[in-house]
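Novice: Pasting a structure below so you can have a look.
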Amino acid sequence: MKKKKRPVLKALMILMIVFFYLPILYMIVFSFNDGKSLTAFTGFSLRWYQHMLETGGMLEALYTTFSVAVIASVVSTAVGTFTAIGLSKSKKIIRDLMEQVDNLPMMNPEIVTAIGLMLLFITFRVEKGYMTMLLSHIAFCIPYVILSVMPKIRSLDPDLADAAMDLGATPWQALIKVIIPQIMPGIVSGGLIAFTMSVDDFIISYFVTGGGVKNLSIMVYTMSRRINPSINAASTLMIGIITIVLVTINLVPLLAAKKQKSMKAGKKILIPAAAVCACAAGCILFFRFGDMQGKRPFEGQILHIYNWGEYTGENIIGDFEEYTGAKVIMENYDSNEQMYIKVANEEPYDILVPSDYMIQRLIAEGYLQKLDQSKLNCMDKLSDAVKGLPYDPQNEYSIPYFWGTVGIVYDKNKVDLESLEQEGYNIFLNEKYQGDIYLYDSERDSFMMALKALGYSMNTENPKELSEAYEWLAGCVKTMKPEIVTDEIIDNMAQGRRALGLMYSGDAAYVVSENENMGFYLPKSGTNLWSDAMVIPRNAKNPELAHAFINFACDYEGAYDNSSYVGYTSANQEVMEVLSGPGGDFEGINAYIPRTGYGLDEVFVYNEKTRKEISNMWSRVKIVASNAN
Amino acid sequence: MVIIMKKFSQMAIPYIVWSVLMLVLPMALIAFYSITQQGNSIISFSITLEHYIKFFTDADFLIILWRSLWIAFKTTIICLLIGYPVAYYISHCKERMQNILVFCITMPMWINMLVRTYAWIGLLSKDGLMQKLLSLLGLGNAELLYTEGAVLLGMVYNFLPFMILQINTTLCKMDDSLLEASADLGADPVQTFYRVTLPLSIPGVINGITLVFLPAVSSFFIPKLLGGGKYFLIGNVIENQFITVGEWNFGSAISMIIAVIMMVLMMCVHKAEVRNNGGKGET
């Protein structure tokens with residue numbers, strides 16, 4: 001063929017390469033950033049790598065990602081190959097039928113496959129975790145292997161096996177020595193596809209995992225709301241591993257070919273496959289070494305905590321692990337409702353940190369166990385304001401963790417306090433701030449705001465008042481075009497990107513301490529006085545260790561670490577005083593000390609009927625908001 | 001001979017059992033949940049079509065369904081318009097260069113999809129590299145992150161490699177002598193492209209379209225990460241039903257709806273492919 005220069009196409013090709021690699025490069029660069037920002041490089045540092053190593057969860061996630069991928073691709077390659085050979089010798093009707101079944105995971109949207117598997121495990125009461133993730137990965141990998149091996153078998157001479165057996169080979173020998181080597185290229189590419197699919201997967205893993213088992217993608221998904229450059233560090237590490245594996249695959253055959261030119265084609269491909277396995281095994285060993293430690297009271301035991309995202313201090317988990325010898329597996333949720341669904345499906349956790357009304361519900365529905373007061377030593381350290389609240393009057397089930405209010409964070413340069421005082425929550429309907437506000441994606445707090453703005457109780461059961469509140473919110477999202485966000489509100493408000501936002505007082509404390517142009521205001525029509533407390537579910541596997549953790553988190557050191565890092569008001573009286581006192585991290589910040597004793601402030605009361613209504617209505621508000629754009 | 005057939009065909013049995021359990025049963029469960037009443041236990045249930053009625057009688061859900069199909073369609077078209085020339089270029093490089101380029105395009109797929117999407121947040125956010133670049137080019141200071149454009153970009157970024165690789169495979173398989181024959185018979189390169197190359201690459205294009213459209217319709221993490229909370233697609237609605245609202249029966253019904261729509265669409269596409277090939281065979 002004639003050679004032609006195609007400058008336009010070449011330019012497009014180069015542009016594509018830039019397009020594909022720019023984000024990856026950007027991430028690698030920012031994993032070495034000294035600051036927390038994702039947009040400004042302030043200096044070289046290995047700080048986020050250190051943070052990643054210290055928090056542990058990241059390495060665990062990388063280990064899960066790769067070990068699942070290696071096991072799933074090896075198993076599915078073996079099973080897929082044998083099945084393909086078996087099917088090729090089966091009756092046509094079976095073969096055609098299986099081809100259709102095999103197409104299911106490929107022709108279905110991934111989320112449908114994922115939900116199907118999740119329902120399967122839940123219906124048959126299989127405990128979700130590493131095994132279910134592995135099984136699911138094997139399930140969606142095998143069809144790809146079969147698809148890649150099948151054509152090679154079809155092009156094989158059908159008499160080959162017979163010839164081998166005529167020459168005295170057993171069927172097994174014929175299979176291993178004749179058929180398999182002939183279809184080796186198909187097997188290897190099938191295995192590689194399986195590995196790629198497994199490493200790349202998020203949706204299926206997300207729905208079928210449980211018990212705190214996370215791969216890297218689940219980790220990123222649950223942490224991405226708040227800027228956390230450790231994700232960049234972990235991703236860079238992953239990219240490094242993948243690059244090493246790929247380079248080995250591509251270099252080893254080259255080197256081998258130079259050494260021994262007469263090598264058979266089949267063996268040439270075996271070498272990279274072996275190299276991949278060796279690399280993977282190396283990685284697994286590397287990650288496993290972290291576990292060797294000496295003897296302590298809870299040595300080798302496991303504590304499953306299900307907590308809000310970014311709700312623990314930097315050191316408390318590490319310190320607790322060091323002190324007890326136990327291993328903490330932490331899973332995060334971003335709403336009480338999300339947590340409830342998992343607990344109601346009997347996923348075993350040792351500690352939960354739900355909010356007031358949710359604790360009331362969990363108690364009423366029998367999901368919690370009474371605390372063993374003889375094992376606790378923390379009641380005296382807690383503020384009186386958070387003890388004996390209506391949801392658990394004797395603190396039989398719960399020990400407070402953080403508490404606070406919900407209020408309005410505003411940019412002092414754009415909003416003046418006077419109009420804020422006049423309008424209260426109705427400032428969220430003031431078209432002057434159209435497109436310049438954040439709502440928080442929480443059904444109960446959004447309805448609290450709407451009900452309070454209308455002058456109703458936030459615990460109302462009156463359908464008319466509730467539907468008025470719905471209209472208030474629907475009107476707000478239609479005309480004001482707010483962004484409905486979760487934790488990303490924190491960093492964005494701290495950088496002053498919006499004039500107004502509805503926020504938890506703890507997040508507000510962080511925002512105000514970061515940016516002096518921001519203020520925090522509690523409307524006179526009242527607010528939600530909330531508290532989150534530690535509870536132990538009925539089906540906890542290690543209540544003993546859970547009690548130890550509750551004590552640890554209430555102690556001065558633990559509570560200080562939590563509160564100073566997260567910014568939420570500590571339930572520990574002394575910590576609250578020190579942090580808000582002279583020289584404390586939150587000195588002079590009104591958001592840190594919750595308003596108490598104000599008549600219009602309320603505590604949420606659980607009511608199944610209104611909860612459902614509010615949940616459905618809020619889901620509708622979000623859809624209306626999405627359709628308004 | 002018969003004995004061998006039997007022996008070998010037995011190897012398929014474990015997988016047949018497995019696939020009934022892990023592939024067929026889950027689908028059956030979704031179908032079952034979608035037509036039953038709220039309540040997580042299998043023992044007590046009542047059959048109902050209310051979830052389907054709820055979905056199809058609500059304009060808001062239909063708008064979201066339409067928007068999901070529309071953005072997936074746009075993604076597919078963009079991927080095709082960019083992917084085809086790129087694949088064409090690659091297939092006309094020397095073999096060594098071809099391997100390198102294919103490797104370059106495959107490599108990002110080895111890095112997790114979510115990680116790759118996350119990487120865009122920094123690039124697109126306010127005062128980020130992209131915005132600075134745009135304002136340097138005099139294109140204003142528009143917000144990039146949390147817009148529909150960001151979601152579209154994320155989808156193209158994630159799914160474009162599928163399109164390129166599929167088309168490239170068919171183009172590489174194409175017999176060069178066909179092109180030479182076409183040229184010998186007096187066709188100019190443009191004619192050769194439209195009359196020979198393009199028709200022969202249709203199977204790759206169809207596969208590419210399938211591999212892009214399918215994940216684009218149901219993606220929920222791309223709209224969540226790059227679209228913020230205000231950009232809902234059908235995948236987000238399903239995730240929401242299962243993870244926060246807890247109405248699994250309704251969520252299952254939506255899953256069934258999307259699965260059926262996709263199956264019908266895919267069947268149409270493949271029918272079109274078969275007809276196309278049949279027509280070519282006759283002329």
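Simple scheme: letters A, B, ... for chains in structure tokens order, numbers from 1 for residues in each chain, numbers from 1 for ligands in the order shown.
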Could you build a table of the residues in region 509-558 of chain A lying no more than 7 Å from region 600-619 of chain A, giving for each the nearest pair of atoms and their separation in Å rounded to one decimal place, using only C-alpha atoms, ordered by chain and ascending residue number, as JSON lines?

Specialist:
```
{"residue": "A:Ser525", "atom": "CA", "partner": "A:Leu600", "partner_atom": "CA", "distance": 6.4}
{"residue": "A:Gly526", "atom": "CA", "partner": "A:Asp601", "partner_atom": "CA", "distance": 4.5}
{"residue": "A:Thr527", "atom": "CA", "partner": "A:Asp601", "partner_atom": "CA", "distance": 4.8}
{"residue": "A:Asn528", "atom": "CA", "partner": "A:Glu602", "partner_atom": "CA", "distance": 5.3}
{"residue": "A:Leu529", "atom": "CA", "partner": "A:Val603", "partner_atom": "CA", "distance": 5.2}
{"residue": "A:Trp530", "atom": "CA", "partner": "A:Val603", "partner_atom": "CA", "distance": 6.0}
```

Novice: Can those selected residues be exported to a file as a CSV table (one decimal), in the first residue's frame so that it contains C-alpha atoms?

Specialist:
```
chain,number,residue,atom,x,y,z
A,525,SER,CA,-37.3,30.0,64.1
A,526,GLY,CA,-35.3,27.2,65.7
A,527,THR,CA,-33.1,24.3,64.6
A,528,ASN,CA,-32.4,20.7,65.0
A,529,LEU,CA,-30.5,19.9,68.1
A,530,TRP,CA,-28.9,16.7,67.2
```

Novice: With a distance cut-off of 12 Å and only C-alpha atoms, select the neighbouring residues of Glu365 (chain A), excluding the residue or stretch itself and same-chain residues fewer than 6 positions from it, and output the selection as a ChimeraX atom specification.

Specialist: /A:340,343-344,358-359,537-538,606,608

Novice: I'd like the neighbourhood of Tyr306 (chain A) as a PyMOL selection string, where a residue qualifies if any of its atoms comes within 10 Å (using only C-alpha atoms), though same-chain residues fewer than 4 positions away should be ignored.

Specialist: chain A and resi 211-212+329-333+339+342-343+348-354+534

Novice: Among region 27-271 of chain B, which ones does DSSP assign to helix (DSSP H, G or I) (computed from the backbone)? Answer as an NGL selection string.

Specialist: :B and (27-34 or 50-56 or 59-91 or 95-110 or 113-124 or 129-136 or 148-173 or 176-184 or 189-200 or 202-218 or 221-230 or 234-245 or 248-271)

Novice: Excluding Ile550 (chain A) and its own-chain neighbours fewer than 2 positions away, which residues fall within 12 Å of it when counting only C-alpha atoms? Please give them as number ranges by chain.

Specialist: A: 303, 305, 316-317, 320, 350-353, 371-373, 375-379, 397-401, 533-536, 543-548, 552-555, 558-559
